[in-house]
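Trainee: Here you go, entry_31.pdb (PDB, C-alpha atoms):
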ATOM      1  CA  MET A 263      -1.930  18.982  12.135
ATOM      2  CA  GLU A 264       1.561  18.305  10.819
ATOM      3  CA  CYS A 265       2.060  14.930   9.168
ATOM      4  CA  LEU A 266       5.109  13.242   7.677
ATOM      5  CA  VAL A 267       4.286  11.087   4.654
ATOM      6  CA  THR A 268       7.094   8.868   3.390
ATOM      7  CA  GLY A 269       6.921   7.596  -0.181
ATOM      8  CA  VAL A 270       4.944  10.722  -1.018
ATOM      9  CA  ALA A 271       5.647  10.517  -4.760
ATOM     10  CA  GLY A 272       4.285   6.984  -4.839
ATOM     11  CA  PHE A 273       0.781   6.017  -5.874
ATOM     12  CA  ILE A 274      -0.850   5.769  -2.439
ATOM     13  CA  GLY A 275       1.395   8.414  -0.885
ATOM     14  CA  PHE A 276       0.427  10.983  -3.501
ATOM     15  CA  HIS A 277      -3.318  10.441  -3.129
ATOM     16  CA  PHE A 278      -3.162  10.366   0.669
ATOM     17  CA  ALA A 279      -1.014  13.496   0.922
ATOM     18  CA  GLU A 280      -3.335  15.399  -1.425
ATOM     19  CA  ARG A 281      -6.336  14.394   0.700
ATOM     20  CA  LEU A 282      -4.640  15.761   3.839
ATOM     21  CA  LEU A 283      -3.642  18.963   2.058
ATOM     22  CA  LYS A 284      -7.210  19.517   0.865
ATOM     23  CA  GLU A 285      -8.327  19.187   4.493
ATOM     24  CA  GLY A 286      -5.929  21.932   5.554
ATOM     25  CA  CYS A 287      -3.164  19.817   7.075
ATOM     26  CA  LYS A 288       0.537  20.584   6.829
ATOM     27  CA  VAL A 289       2.335  17.771   5.029
ATOM     28  CA  VAL A 290       6.049  17.073   4.809
ATOM     29  CA  GLY A 291       6.665  14.512   2.098
ATOM     30  CA  VAL A 292       9.773  12.361   1.715
ATOM     31  CA  ASP A 293      10.745  10.300  -1.327
ATOM     32  CA  ASN A 294      13.949   9.139  -3.015
ATOM     33  CA  LEU A 295      12.341   9.042  -6.488
ATOM     34  CA  ASN A 296      13.971   5.722  -7.338
ATOM     35  CA  ASP A 297      13.694   4.313 -10.834
ATOM     36  CA  TYR A 298      11.808   1.094  -9.984
ATOM     37  CA  TYR A 299       9.204   2.556 -12.341
ATOM     38  CA  ASP A 300       8.826   5.735 -14.419
ATOM     39  CA  VAL A 301      10.321   8.648 -12.466
ATOM     40  CA  ASN A 302       8.460  11.110 -14.695
ATOM     41  CA  LEU A 303       5.163   9.791 -13.329
ATOM     42  CA  LYS A 304       6.427  10.339  -9.786
ATOM     43  CA  ARG A 305       7.520  13.871 -10.649
ATOM     44  CA  ALA A 306       4.119  14.600 -12.207
ATOM     45  CA  ARG A 307       2.435  13.557  -8.959
ATOM     46  CA  LEU A 308       4.839  15.761  -7.005
ATOM     47  CA  ASP A 309       4.122  18.740  -9.255
ATOM     48  CA  ILE A 310       0.477  18.555  -8.187
ATOM     49  CA  LEU A 311       1.359  18.365  -4.493
ATOM     50  CA  LYS A 312       3.786  21.273  -4.788
ATOM     51  CA  GLY A 313       0.843  23.436  -5.825
ATOM     52  CA  TYR A 314      -0.331  23.389  -2.194
ATOM     53  CA  PRO A 315       1.394  26.015   0.001
ATOM     54  CA  SER A 316       1.263  23.741   3.053
ATOM     55  CA  PHE A 317       3.296  21.012   1.334
ATOM     56  CA  THR A 318       7.059  20.578   1.747
ATOM     57  CA  PHE A 319       9.019  18.019  -0.226
ATOM     58  CA  ILE A 320      12.294  16.516   0.959
ATOM     59  CA  TYR A 321      14.344  14.382  -1.379
ATOM     60  CA  MET A 322      15.705  11.607   0.804
ATOM     61  CA  ASP A 323      16.192   7.869   1.052
ATOM     62  CA  ILE A 324      14.716   6.558   4.306
ATOM     63  CA  ALA A 325      17.655   4.130   4.529
ATOM     64  CA  ASP A 326      19.823   7.216   5.242
ATOM     65  CA  ARG A 327      20.043   6.895   9.033
ATOM     66  CA  GLU A 328      21.554  10.308   9.716
ATOM     67  CA  GLY A 329      19.275  12.019   7.219
ATOM     68  CA  VAL A 330      16.119  10.599   8.819
ATOM     69  CA  LYS A 331      17.444  11.395  12.300
ATOM     70  CA  ASP A 332      18.066  14.995  11.258
ATOM     71  CA  LEU A 333      14.616  15.248   9.661
ATOM     72  CA  PHE A 334      12.882  14.259  12.895
ATOM     73  CA  SER A 335      15.120  16.477  15.022
ATOM     74  CA  ARG A 336      14.215  19.532  12.907
ATOM     75  CA  SER A 337      10.483  18.856  12.871
ATOM     76  CA  SER A 338       7.583  18.330  15.250
ATOM     77  CA  PHE A 339       5.480  15.738  13.456
ATOM     78  CA  GLU A 340       2.308  14.783  15.280
ATOM     79  CA  TYR A 341       1.583  11.955  12.858
ATOM     80  CA  VAL A 342       3.729   9.788  10.605
ATOM     81  CA  VAL A 343       2.305   7.809   7.684
ATOM     82  CA  HIS A 344       4.986   5.474   6.422
ATOM     83  CA  LEU A 345       4.377   4.333   2.845
ATOM     84  CA  ALA A 346       7.923   4.300   1.463
ATOM     85  CA  ALA A 347       9.044   0.795   0.548
ATOM     86  CA  GLN A 348      10.485  -1.279  -2.213
ATOM     87  CA  ALA A 349       7.300  -2.681  -3.713
ATOM     88  CA  GLY A 350       6.590  -5.639  -5.965
ATOM     89  CA  VAL A 351       6.555  -9.383  -5.381
ATOM     90  CA  ARG A 352       8.278 -10.421  -8.618
ATOM     91  CA  TYR A 353      11.065  -7.827  -8.368
ATOM     92  CA  SER A 354      12.023  -9.310  -4.988
ATOM     93  CA  LEU A 355      13.134 -12.436  -6.857
ATOM     94  CA  ILE A 356      15.624 -10.348  -8.836
ATOM     95  CA  ASN A 357      16.869  -7.720  -6.391
ATOM     96  CA  PRO A 358      16.344  -8.931  -2.810
ATOM     97  CA  TYR A 359      18.786  -6.475  -1.233
ATOM     98  CA  ALA A 360      16.615  -3.513  -2.242
ATOM     99  CA  TYR A 361      13.887  -4.883   0.042
ATOM    100  CA  ILE A 362      16.169  -5.182   3.052
ATOM    101  CA  ASP A 363      17.636  -1.694   2.556
ATOM    102  CA  SER A 364      14.284   0.062   2.213
ATOM    103  CA  ASN A 365      11.747  -2.121   3.993
ATOM    104  CA  ILE A 366      13.870  -3.166   6.981
ATOM    105  CA  TYR A 367      16.640  -0.612   7.539
ATOM    106  CA  GLY A 368      14.452   2.232   6.305
ATOM    107  CA  PHE A 369      11.546   1.278   8.548
ATOM    108  CA  LEU A 370      13.863   1.003  11.563
ATOM    109  CA  ASN A 371      14.990   4.592  10.939
ATOM    110  CA  ILE A 372      11.361   5.750  10.903
ATOM    111  CA  LEU A 373      10.589   3.841  14.111
ATOM    112  CA  GLU A 374      13.571   5.411  15.838
ATOM    113  CA  GLY A 375      12.440   8.873  14.738
ATOM    114  CA  CYS A 376       8.946   8.257  16.100
ATOM    115  CA  ARG A 377      10.360   6.902  19.348
ATOM    116  CA  HIS A 378      12.632   9.853  20.100
ATOM    117  CA  ARG A 379      10.215  12.600  19.018
ATOM    118  CA  GLY A 380       7.075  11.332  20.740
ATOM    119  CA  VAL A 381       4.918  10.967  17.619
ATOM    120  CA  LYS A 382       1.201  10.631  18.451
ATOM    121  CA  HIS A 383       0.458   7.935  15.866
ATOM    122  CA  LEU A 384       2.470   5.936  13.340
ATOM    123  CA  VAL A 385       0.436   4.435  10.493
ATOM    124  CA  PHE A 386       2.444   2.145   8.233
ATOM    125  CA  ALA A 387       1.819   0.168   5.059
ATOM    126  CA  SER A 388       1.709  -3.585   5.308
ATOM    127  CA  SER A 389       0.330  -5.850   2.588
ATOM    128  CA  SER A 390      -1.987  -8.746   1.835
ATOM    129  CA  SER A 391       1.242 -10.539   0.862
ATOM    130  CA  VAL A 392       1.811 -11.342   4.550
ATOM    131  CA  TYR A 393      -0.910 -14.017   4.318
ATOM    132  CA  GLY A 394       1.409 -16.097   2.143
ATOM    133  CA  MET A 395       0.491 -19.786   2.159
ATOM    134  CA  ASN A 396      -2.705 -19.220   4.132
ATOM    135  CA  ARG A 397      -5.724 -20.479   2.181
ATOM    136  CA  ARG A 398      -8.503 -19.617   4.646
ATOM    137  CA  MET A 399     -10.802 -17.099   2.987
ATOM    138  CA  PRO A 400     -11.460 -14.314   3.540
ATOM    139  CA  PHE A 401      -8.084 -13.327   4.991
ATOM    140  CA  SER A 402      -8.590 -12.116   8.544
ATOM    141  CA  THR A 403      -6.232 -10.116  10.742
ATOM    142  CA  HIS A 404      -6.864 -12.841  13.320
ATOM    143  CA  HIS A 405      -5.201 -15.433  11.051
ATOM    144  CA  ASN A 406      -1.635 -16.638  11.378
ATOM    145  CA  THR A 407       0.808 -15.011   8.924
ATOM    146  CA  ASP A 408       3.992 -16.971   9.573
ATOM    147  CA  HIS A 409       4.390 -18.476   6.093
ATOM    148  CA  PRO A 410       5.193 -15.783   3.473
ATOM    149  CA  VAL A 411       5.944 -16.902  -0.075
ATOM    150  CA  SER A 412       7.976 -13.880  -1.188
ATOM    151  CA  LEU A 413      10.722 -11.771   0.357
ATOM    152  CA  TYR A 414       8.460  -8.752  -0.116
ATOM    153  CA  GLY A 415       5.790 -10.417   2.021
ATOM    154  CA  ALA A 416       8.426 -11.387   4.590
ATOM    155  CA  THR A 417       9.618  -7.778   4.928
ATOM    156  CA  LYS A 418       6.044  -6.573   5.434
ATOM    157  CA  LYS A 419       5.530  -9.198   8.138
ATOM    158  CA  ALA A 420       8.795  -8.004   9.688
ATOM    159  CA  ASN A 421       7.481  -4.423   9.659
ATOM    160  CA  GLU A 422       4.450  -5.496  11.668
ATOM    161  CA  LEU A 423       6.669  -7.234  14.228
ATOM    162  CA  MET A 424       9.050  -4.279  14.459
ATOM    163  CA  ALA A 425       6.191  -1.813  14.958
ATOM    164  CA  HIS A 426       4.696  -3.976  17.676
ATOM    165  CA  THR A 427       8.043  -4.098  19.462
ATOM    166  CA  TYR A 428       8.264  -0.292  19.499
ATOM    167  CA  ALA A 429       4.637  -0.024  20.608
ATOM    168  CA  HIS A 430       5.426  -2.395  23.477
ATOM    169  CA  LEU A 431       8.831  -1.067  24.540
ATOM    170  CA  TYR A 432       8.440   2.649  23.868
ATOM    171  CA  ARG A 433       4.638   3.073  23.677
ATOM    172  CA  VAL A 434       4.735   4.329  20.100
ATOM    173  CA  PRO A 435       1.049   4.035  19.018
ATOM    174  CA  SER A 436       1.191   2.109  15.740
ATOM    175  CA  THR A 437      -1.339   0.902  13.189
ATOM    176  CA  GLY A 438      -0.483  -1.372  10.274
ATOM    177  CA  LEU A 439      -2.642  -1.442   7.152
ATOM    178  CA  ARG A 440      -2.671  -4.516   4.945
ATOM    179  CA  PHE A 441      -3.472  -3.194   1.484
ATOM    180  CA  PHE A 442      -5.143  -5.459  -1.076
ATOM    181  CA  THR A 443      -4.183  -4.776  -4.740
ATOM    182  CA  VAL A 444      -4.751  -1.024  -4.825
ATOM    183  CA  TYR A 445      -5.602   0.444  -8.245
ATOM    184  CA  GLY A 446      -6.816   3.680  -9.799
ATOM    185  CA  PRO A 447      -5.698   6.900 -11.547
ATOM    186  CA  TRP A 448      -2.000   7.772 -11.154
ATOM    187  CA  GLY A 449      -1.350   4.086 -10.380
ATOM    188  CA  ARG A 450       1.863   2.093 -10.562
ATOM    189  CA  PRO A 451       2.976   1.066 -14.082
ATOM    190  CA  ASP A 452       4.288  -2.281 -12.777
ATOM    191  CA  MET A 453       0.829  -3.406 -11.639
ATOM    192  CA  ALA A 454      -1.173  -5.851 -13.765
ATOM    193  CA  TYR A 455      -4.106  -3.528 -14.503
ATOM    194  CA  PHE A 456      -1.690  -0.859 -15.785
ATOM    195  CA  LEU A 457       0.328  -3.323 -17.876
ATOM    196  CA  PHE A 458      -2.867  -4.836 -19.316
ATOM    197  CA  THR A 459      -4.324  -1.445 -20.219
ATOM    198  CA  LYS A 460      -1.118  -0.302 -21.912
ATOM    199  CA  ALA A 461      -0.655  -3.527 -23.873
ATOM    200  CA  ILE A 462      -4.286  -3.784 -25.003
ATOM    201  CA  ALA A 463      -4.337  -0.121 -26.057
ATOM    202  CA  GLU A 464      -1.160  -0.701 -28.095
ATOM    203  CA  GLY A 465      -2.399  -3.974 -29.606
ATOM    204  CA  ARG A 466       0.240  -6.115 -27.875
ATOM    205  CA  PRO A 467      -0.427  -9.458 -26.143
ATOM    206  CA  ILE A 468      -0.738  -9.640 -22.356
ATOM    207  CA  ASP A 469       0.769 -12.285 -20.068
ATOM    208  CA  VAL A 470      -1.966 -14.017 -18.058
ATOM    209  CA  PHE A 471      -0.400 -16.057 -15.266
ATOM    210  CA  ASN A 472      -1.816 -19.313 -13.890
ATOM    211  CA  TYR A 473      -3.914 -19.393 -17.066
ATOM    212  CA  GLY A 474      -6.180 -16.720 -15.602
ATOM    213  CA  LYS A 475      -7.242 -18.906 -12.664
ATOM    214  CA  MET A 476      -6.567 -16.302  -9.982
ATOM    215  CA  LYS A 477      -8.662 -13.907  -7.932
ATOM    216  CA  ARG A 478      -7.692 -10.556  -6.455
ATOM    217  CA  ASP A 479      -9.426  -8.240  -4.016
ATOM    218  CA  PHE A 480      -8.916  -5.093  -6.122
ATOM    219  CA  THR A 481      -9.316  -1.988  -3.946
ATOM    220  CA  TYR A 482      -9.940   1.448  -5.453
ATOM    221  CA  ILE A 483      -7.550   4.182  -4.345
ATOM    222  CA  ASP A 484     -10.240   6.560  -3.004
ATOM    223  CA  ASP A 485     -11.505   3.794  -0.724
ATOM    224  CA  VAL A 486      -7.985   3.155   0.531
ATOM    225  CA  VAL A 487      -7.409   6.835   1.280
ATOM    226  CA  GLU A 488     -10.735   7.175   3.097
ATOM    227  CA  GLY A 489      -9.853   4.195   5.266
ATOM    228  CA  MET A 490      -6.402   5.628   5.973
ATOM    229  CA  VAL A 491      -7.736   9.016   7.017
ATOM    230  CA  ARG A 492     -10.197   7.435   9.416
ATOM    231  CA  VAL A 493      -7.570   5.155  10.899
ATOM    232  CA  LEU A 494      -5.053   7.999  11.263
ATOM    233  CA  LYS A 495      -7.467   9.895  13.486
ATOM    234  CA  ARG A 496      -8.041   6.811  15.637
ATOM    235  CA  ILE A 497      -4.971   6.432  17.844
ATOM    236  CA  PRO A 498      -4.729   2.828  19.041
ATOM    237  CA  GLN A 499      -4.972   1.982  22.725
ATOM    238  CA  PRO A 500      -3.980  -1.246  24.477
ATOM    239  CA  ASP A 501      -6.687  -3.864  23.984
ATOM    240  CA  PRO A 502      -8.185  -4.599  27.416
ATOM    241  CA  ALA A 503      -9.483  -7.955  26.131
ATOM    242  CA  TRP A 504      -6.102  -9.142  24.847
ATOM    243  CA  ASP A 505      -5.128 -12.486  26.354
ATOM    244  CA  ASP A 506      -1.453 -13.451  26.516
ATOM    245  CA  MET A 507      -2.499 -17.102  26.862
ATOM    246  CA  ASP A 508      -4.426 -16.878  23.574
ATOM    247  CA  PRO A 509      -2.822 -13.942  21.723
ATOM    248  CA  ASP A 510      -4.748 -12.234  18.927
ATOM    249  CA  PRO A 511      -2.407 -11.132  16.076
ATOM    250  CA  SER A 512      -4.581  -8.097  15.244
ATOM    251  CA  SER A 513      -4.247  -6.269  18.579
ATOM    252  CA  SER A 514      -2.097  -6.220  21.691
ATOM    253  CA  ALA A 515      -1.624  -5.153  25.281
ATOM    254  CA  ALA A 516       0.480  -2.442  23.610
ATOM    255  CA  PRO A 517      -1.015   0.489  21.609
ATOM    256  CA  TYR A 518      -1.018  -1.450  18.348
ATOM    257  CA  ARG A 519      -3.558  -2.504  15.705
ATOM    258  CA  ILE A 520      -3.620  -4.232  12.330
ATOM    259  CA  TYR A 521      -6.377  -3.723   9.736
ATOM    260  CA  ASN A 522      -7.129  -5.078   6.276
ATOM    261  CA  ILE A 523      -8.102  -2.533   3.639
ATOM    262  CA  GLY A 524      -9.660  -4.469   0.786
ATOM    263  CA  ASN A 525     -12.780  -4.352  -1.321
ATOM    264  CA  ASN A 526     -14.108  -7.581   0.233
ATOM    265  CA  GLN A 527     -15.218  -8.700  -3.262
ATOM    266  CA  PRO A 528     -12.506 -10.703  -5.076
ATOM    267  CA  VAL A 529     -12.641 -10.626  -8.868
ATOM    268  CA  GLU A 530     -11.475 -13.358 -11.240
ATOM    269  CA  LEU A 531      -8.510 -12.280 -13.351
ATOM    270  CA  LEU A 532     -10.266 -13.037 -16.653
ATOM    271  CA  ARG A 533     -13.273 -10.924 -15.605
ATOM    272  CA  PHE A 534     -10.875  -8.142 -14.641
ATOM    273  CA  ILE A 535      -9.312  -8.249 -18.110
ATOM    274  CA  GLU A 536     -12.777  -8.278 -19.657
ATOM    275  CA  ILE A 537     -13.674  -5.027 -17.860
ATOM    276  CA  ILE A 538     -10.513  -3.351 -19.187
ATOM    277  CA  GLU A 539     -11.408  -4.560 -22.697
ATOM    278  CA  GLU A 540     -14.888  -3.057 -22.372
ATOM    279  CA  CYS A 541     -13.491   0.302 -21.215
ATOM    280  CA  LEU A 542     -10.927   0.423 -24.013
ATOM    281  CA  GLY A 543     -13.241  -0.969 -26.667
ATOM    282  CA  LYS A 544     -10.551  -3.468 -27.710
ATOM    283  CA  LYS A 545     -10.038  -7.194 -27.153
ATOM    284  CA  ALA A 546      -6.875  -8.492 -25.514
ATOM    285  CA  LYS A 547      -4.472 -10.965 -27.093
ATOM    286  CA  LYS A 548      -3.813 -13.328 -24.173
ATOM    287  CA  ASN A 549      -0.593 -15.243 -23.584
ATOM    288  CA  PHE A 550      -1.492 -17.846 -20.937
ATOM    289  CA  LEU A 551       1.348 -18.816 -18.586
ATOM    290  CA  PRO A 552       1.796 -20.911 -15.404
ATOM    291  CA  LEU A 553       1.770 -19.412 -11.903
ATOM    292  CA  GLN A 554       4.865 -17.354 -11.151
ATOM    293  CA  PRO A 555       7.017 -17.988  -8.059
ATOM    294  CA  GLY A 556       5.885 -15.773  -5.194
ATOM    295  CA  ASP A 557       2.324 -15.364  -6.510
ATOM    296  CA  VAL A 558      -0.742 -16.531  -4.600
ATOM    297  CA  LEU A 559      -3.927 -17.944  -6.104
ATOM    298  CA  ALA A 560      -6.338 -15.558  -4.412
ATOM    299  CA  THR A 561      -6.664 -12.613  -2.067
ATOM    300  CA  TYR A 562      -9.858 -11.772  -0.214
ATOM    301  CA  ALA A 563     -10.034  -9.322   2.684
ATOM    302  CA  ASP A 564     -12.122  -9.603   5.815
ATOM    303  CA  VAL A 565     -12.706  -5.940   6.701
ATOM    304  CA  ASP A 566     -14.978  -6.385   9.709
ATOM    305  CA  GLU A 567     -12.508  -4.749  12.117
ATOM    306  CA  LEU A 568     -12.075  -1.733   9.834
ATOM    307  CA  ALA A 569     -15.851  -1.336   9.608
ATOM    308  CA  ARG A 570     -16.262  -1.721  13.363
ATOM    309  CA  ASP A 571     -13.470   0.627  14.471
ATOM    310  CA  ALA A 572     -13.326   3.177  11.644
ATOM    311  CA  GLY A 573     -16.941   3.000  10.486
ATOM    312  CA  PHE A 574     -15.889   2.410   6.898
ATOM    313  CA  THR A 575     -16.022  -0.370   4.310
ATOM    314  CA  PRO A 576     -14.523  -0.011   0.803
ATOM    315  CA  SER A 577     -17.318  -0.107  -1.767
ATOM    316  CA  THR A 578     -16.260   1.171  -5.214
ATOM    317  CA  PRO A 579     -17.315  -1.425  -7.829
ATOM    318  CA  ILE A 580     -14.512  -2.731 -10.006
ATOM    319  CA  GLU A 581     -16.362  -1.604 -13.153
ATOM    320  CA  GLU A 582     -16.443   2.005 -11.928
ATOM    321  CA  GLY A 583     -12.874   1.994 -10.647
ATOM    322  CA  ILE A 584     -11.427   0.620 -13.875
ATOM    323  CA  ARG A 585     -13.474   3.094 -15.918
ATOM    324  CA  ARG A 586     -11.938   5.978 -13.954
ATOM    325  CA  PHE A 587      -8.445   4.524 -14.362
ATOM    326  CA  VAL A 588      -8.811   4.077 -18.115
ATOM    327  CA  GLU A 589     -10.119   7.642 -18.447
ATOM    328  CA  TRP A 590      -7.064   8.895 -16.574
ATOM    329  CA  TYR A 591      -4.737   6.693 -18.660
ATOM    330  CA  ARG A 592      -6.145   8.065 -21.909
ATOM    331  CA  TRP A 593      -5.764  11.630 -20.625
ATOM    332  CA  TYR A 594      -2.260  11.269 -19.155
ATOM    333  CA  TYR A 595      -0.756   9.313 -22.060
ATOM    334  CA  LYS A 596      -2.845  11.074 -24.701
ATOM    335  CA  VAL A 597      -4.204   7.778 -26.026
TER     336      VAL A 597
END
Translate this file's structure into structure tokens.
Mentor:
Amino acid sequence: MECLVTGVAGFIGFHFAERLLKEGCKVVGVDNLNDYYDVNLKRARLDILKGYPSFTFIYMDIADREGVKDLFSRSSFEYVVHLAAQAGVRYSLINPYAYIDSNIYGFLNILEGCRHRGVKHLVFASSSSVYGMNRRMPFSTHHNTDHPVSLYGATKKANELMAHTYAHLYRVPSTGLRFFTVYGPWGRPDMAYFLFTKAIAEGRPIDVFNYGKMKRDFTYIDDVVEGMVRVLKRIPQPDPAWDDMDPDPSSSAAPYRIYNIGNNQPVELLRFIEIIEECLGKKAKKNFLPLQPGDVLATYADVDELARDAGFTPSTPIEEGIRRFVEWYRWYYKV
């Protein structure tokens, strides 16, 4: 199997690509190595992947229309896993154009490549951010997602709509995965668990937004990758039960599906910080602040469809996942 993985030097891309390589797949990885966070961490991930003979890395920005077109024309990808994107809710308040360039133009280039080369299955990253102002818990793929509260969330919603259009018009089988606060070794330094760990280890105060009164459905990276692998092998078919008089957002008369990948066990932010403190053996100095624009109070994934169709439910306890992350952090940063 030959698979294109975009955003391969990113957190999820790295772990997913390594899983495929260990299973004997041929992986072509694309990344522009932007400096949104530490490029050295991205290069360290890539160094591991380059140790596999069946891995090929291509330095490229997916917003490069001709470059992406040439990539697809020179290759025969059976599967495409699209993870490249400008991430981060708060950064979208500062640099909105980066989200349009990468998440909209870039995704269109990938869709066009899949369309013209007859890719068997496109799996793309969406986000729990699409749920926006929705307060019905747990978040279900059957819920309406028309009220995002950040540009990042809006671009991820747009990705789902774009993919559905290509599934409908050109029969490109597409599956969107709404990730819920993914964490673990080799994680993103801009994420709260990483920032908390670094600050606590260094004896600096941490910013705790909404005075700690938030919950997140933290999902361990190995669970995410397992779910992705299972979904990748399950090429979506048109839903015979889909009703155009009562349309279900999670499926379609086209070969298209949407799944949540979350731990299904939201954790209070203060408990989350407490677990990091226990793993580090140090107490945090907390700087309590109000809710930031673009943030939501809680995330909580309904994963019934993932369990039904892929036979998998994320299950790593937060205590175990954070322990593994802190162990990696101490090793990588020599703390």
Trainee: Within 7 Å of (1.8, -9.6, 3.8), only C-alpha atoms: residues as a PyMOL selection string?
Mentor: chain A and resi 388-394+415-416+418-419+440
Trainee: Which residue, A:Lys288, A:Arg519, A:Arg397, A:Arg336, has the smallest gap to Arg379 in chain A when you use all atoms listed in the file?
Mentor: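 Using all atoms listed in the file, Arg379 in chain A sits closest to A:Arg336.
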Trainee: List, as a list in words, every residue that the PyMOL selection byres ((chain A and resi 472) around 9) selects in the file provided.
Mentor: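 On this input, the PyMOL selection byres ((chain A and resi 472) around 9) captures Val470, Phe471, Tyr473, Gly474, Lys475, Met476, Phe550, Leu551, Pro552, Leu553, Gln554 and Leu559 of chain A.
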Trainee: Which distance in Å separates CA of Gly272 in chain A and CA of Arg496 in chain A, to one decimal?
Mentor: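 Computing the Euclidean distance for CA of Gly272 in chain A and CA of Arg496 in chain A yields 23.9 Å.
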Trainee: Could you write out as a ChimeraX atom specification the residues that the PyMOL selection byres ((chain A and resi 359-365) around 6) matches in the shown file?
Mentor: /A:325,347-348,357-358,366-369
Trainee: Which residue, A:Pro451, A:Gly313, A:Gly465, A:Gly269, has the smallest gap to Phe386 in chain A when you use all atoms listed in the file?
Mentor: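 Looking only at the distances to Phe386 in chain A, the closest residue turns out to be A:Gly269.
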Trainee: Nearest to Thr437 in chain A: which of A:Ile274, A:Val385, A:Ile497, A:Leu355 is it, counting only C-alpha atoms?
Mentor: A:Val385
Trainee: In Å, how far is it from CA of Met395 in chain A to CA of Leu413 in chain A?
Mentor: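 These atoms are spaced 13.1 Å apart.
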Trainee: Scan for residues within 10 Å of the point (-2.6, 15.2, -16.8) in the coordinates of the file, using all atoms listed in the file, and reply as number ranges by chain.
Mentor: A: 306-307, 310, 448, 590-596
Trainee: So that I can check the surroundings of Ile372 in chain A, please list as a ChimeraX atom specification every protein, DNA and RNA residue that reaches within 12 Å of it, counting all atoms listed in the file and ignoring chain neighbours fewer than 6 positions away.
Mentor: /A:266-268,292,323-334,339,341-347,364-366,378-379,381,384-386,421,424-425,428,434,436
